[in-house]
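Written below as structure tokens is the structure these notes are about.
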Amino acid sequence: MTDLHSDTRSDLVQLSPEDTHALDRRHVFHSWSAQGALDPMVITKAEGSHVWDGAGNRLLDFTSQLVFTNLGHQHPRIVAAIQEQAAHLCTVAPQHANAARSEAARLITSHTPGDLNRVFFTNGGADANEHAVRMARLHTGRHKVLTTYRSYHGGTHLAVNMTGDPRRWASDHGSAGTVHFFGPFLYRSRFHATTEAEECERALAHLAELIAMEGPQTIAAIVLESIPGTAGIMVPPPGYLSGVRELCDQHGIVLVADEVMAGFGRAGRWFAVELDDVVPDLLTFAKGVNSGYVPLGGVAINDEIAATFDDRVYPGGLTYSGHPLACAAAVATIRAMEDDRVVEHAAALGEEIFRPGLVELADRHPWIGEVRGTGAFWAIELVRDRETREPLAPYGGASPEVSGVVAACKRRGMLPFVNFNRIHLVPPLTASASEVREAIEVLDEALSEVEQQAS
């Protein structure tokens with residue numbers, strides 16, 4: 001009889017960059033893209049804060065891909081954990097307990113605030129938000145969900161309807177029970193505010209009025225990115241999140257904190273809600289929980305909502321919920337973050353390197369309208385005119401100037417995250433101070449080059 005496990009040949013796929021690109025264009029259907037015009041960059045390898053493209057160029061990765069490689073690329077501790085887990089138990093159905101999932105849940109809840117003591121594991125952030133809303137609806141017996149404009153909650157049906165940016169428009173038929181409102185954003189205030197205190201007060205008054213008009217008894221949940229990420233890294237003013245918490249308590253509404261991007265150290269705290277000392281009822285996570293090495297997300301659930309399902313079946317589940325390889329990567333990630341004081345390092349990068357460096361950059365470049373952020377989570381708002389604050393690229397679109405800045409950064413060896421008229425600098429939390437300074441210098445040179453061309 002043939003031994004089906006005797007073949008030890010390597011199945012690692014090795015293709016030339018040219019063949020990789022050709023096969024991609026022939027067979028791969030890309031997300032959020034018109035397929036015909038695509039020319040994707042080939043990534044051949046990665047390490048730490050760097051990636052290499054198909055031409056052999058080494059680039060500082062200040063995107064963290066989609067803001068998830070929080071411990072950088074090929075972190076040896078995470079890679080080893082995945083390898084060891086694969087040799088021991090590659091996969092198991094979610095109805096069975098396994099050590100990796102149990103320990104991952106323990107470690108996650110050791111850092112979540114308050115009584116968020118239970119974890120429902122998902123495959124990523126979108127399905128985490130879907131399940132958080134399902135839990136809130138079943139717990140409250142209500143249906144409506146309030147979310148902000150300028151937000152992103154995922155690409156599945158409910159999550160994309162909750163999203164408050166242009167990616168929602170093509171799929172939104174107003175049928176998911178979602179109502180949008182304006183969150184605080186002083187630079188482009190909808191409330192004619194001139195200070196952060198005014199913006200906070202007026203944004204909360206706007207939300208309170210919306211709740212009253214929609215009927216508090218119809219609202220199951222308010223879902224907020226603790227710090228909106230792709231939409232612009234708008235750190236809420238002090239008191240805003242706690243004010244939302246008070247409104248939820250007043251009306252029996254479940255507060256869901258979407259920490260998919262801001263969580264696990266990105267904001268210089270384990271979770272961004274800590275910046276306002278807020279404990280949500282549900283907290284969703286993904287990305288940084290295991291640096292994106294294997295898909296994983298989840299919902300951290302408070303004791304009251306968890307108790308709703310003690311004797312009542314929770315009608316939801318996923319085939320790969322708490323996958324052992326993903327959970328092993330989470331265990332290694334969180335332990336490395338604890339041992340290496342990664343959260344503290346990210347906070348220091350923000351206060352000592354990013355903030356002063358970007359403020360100085362803004363003083364030299366008329367296209368920079370505002371810099372904002374915290375930890376390793378920063379955005380540069382590019383404008384045509386500082387007085388009018390006209391964006392350098394339209395909302396939902398692009399422009400030659402912004403595209404030129406991105407291209408100039410890449411030529412100089414730095415990969416930035418771009419969205420509309422903004423450049424985001426979101427490196428691994430393990431990036432060094434010298435790497436952050438290098439990235440700011442590259443952006444300085446790129447802006448000078450394109451500003452001069454445009455003048």
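By order in the structure tokens, chains are A, B, ...; within a chain, residues start at 1; ligands start at 1, following the order shown.
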- Query: Using the chain letters and numbers from this document, which residues of stretch 229-407 of chain A does DSSP assign to strand (DSSP E or B), as a PyMOL selection string?
  - Reply: chain A and resi 254-258+282-285+297-302+368-374+377-385+390-391
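Closest approach to A:Val260 among A:Asn117, A:Thr194, A:Asn129, A:Ser242 is made by A:Asn129 (distances from only C-alpha atoms).
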Fewer than 3 positions away in the same chain doesn't count, so skip those; otherwise give me all residues within 8 Å of A:Asp281, counting only C-alpha atoms, as a PDB file with N, CA and C atoms, in the first residue's frame.
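As a result, part00.pdb now contains:
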ATOM      1  N   LEU A 116     -14.933  42.579  29.550  1.00  0.00           N
ATOM      2  CA  LEU A 116     -14.978  41.932  28.233  1.00  0.00           C
ATOM      3  C   LEU A 116     -14.211  40.615  28.332  1.00  0.00           C
ATOM      4  N   VAL A 254     -26.426  49.207  22.955  1.00  0.00           N
ATOM      5  CA  VAL A 254     -25.138  48.520  23.041  1.00  0.00           C
ATOM      6  C   VAL A 254     -24.072  49.354  22.336  1.00  0.00           C
ATOM      7  N   LEU A 255     -22.962  49.608  23.015  1.00  0.00           N
ATOM      8  CA  LEU A 255     -21.835  50.311  22.412  1.00  0.00           C
ATOM      9  C   LEU A 255     -20.824  49.291  21.905  1.00  0.00           C
ATOM     10  N   VAL A 256     -20.596  49.322  20.582  1.00  0.00           N
ATOM     11  CA  VAL A 256     -19.623  48.441  19.952  1.00  0.00           C
ATOM     12  C   VAL A 256     -18.415  49.275  19.529  1.00  0.00           C
ATOM     13  N   ALA A 257     -17.248  48.954  20.060  1.00  0.00           N
ATOM     14  CA  ALA A 257     -16.001  49.619  19.660  1.00  0.00           C
ATOM     15  C   ALA A 257     -15.330  48.768  18.594  1.00  0.00           C
ATOM     16  N   ILE A 301     -16.715  40.115  24.394  1.00  0.00           N
ATOM     17  CA  ILE A 301     -18.102  40.246  24.819  1.00  0.00           C
ATOM     18  C   ILE A 301     -18.153  40.475  26.328  1.00  0.00           C
ATOM     19  N   ASN A 302     -18.976  41.433  26.749  1.00  0.00           N
ATOM     20  CA  ASN A 302     -19.075  41.662  28.199  1.00  0.00           C
ATOM     21  C   ASN A 302     -19.948  40.594  28.862  1.00  0.00           C
ATOM     22  N   ILE A 305     -23.938  40.591  28.085  1.00  0.00           N
ATOM     23  CA  ILE A 305     -24.360  40.087  26.771  1.00  0.00           C
ATOM     24  C   ILE A 305     -24.039  38.605  26.640  1.00  0.00           C
TER      25      ILE A 305
END
- Message: Can you measure atom CA of A:Val145 to atom CA of A:Ala159 for me? One decimal in Å is fine.
- Response: 10.8 Å
Within 10 Å of stretch 212-234 of chain A, which residues of stretch 276-363 of chain A show up? Give each one with its shortest atom-to-atom distance in Å (one decimal) and the two atoms involved, counting only C-alpha atoms, rows by chain then rising residue number, as JSON lines.
{"residue": "A:Asp276", "atom": "CA", "partner": "A:Ser226", "partner_atom": "CA", "distance": 9.6}
{"residue": "A:Val278", "atom": "CA", "partner": "A:Ser226", "partner_atom": "CA", "distance": 9.9}
{"residue": "A:Pro280", "atom": "CA", "partner": "A:Val223", "partner_atom": "CA", "distance": 9.9}
{"residue": "A:Asp281", "atom": "CA", "partner": "A:Ala221", "partner_atom": "CA", "distance": 9.6}
{"residue": "A:Leu282", "atom": "CA", "partner": "A:Val223", "partner_atom": "CA", "distance": 9.3}
{"residue": "A:Leu283", "atom": "CA", "partner": "A:Val223", "partner_atom": "CA", "distance": 9.5}
{"residue": "A:Thr284", "atom": "CA", "partner": "A:Glu225", "partner_atom": "CA", "distance": 9.4}
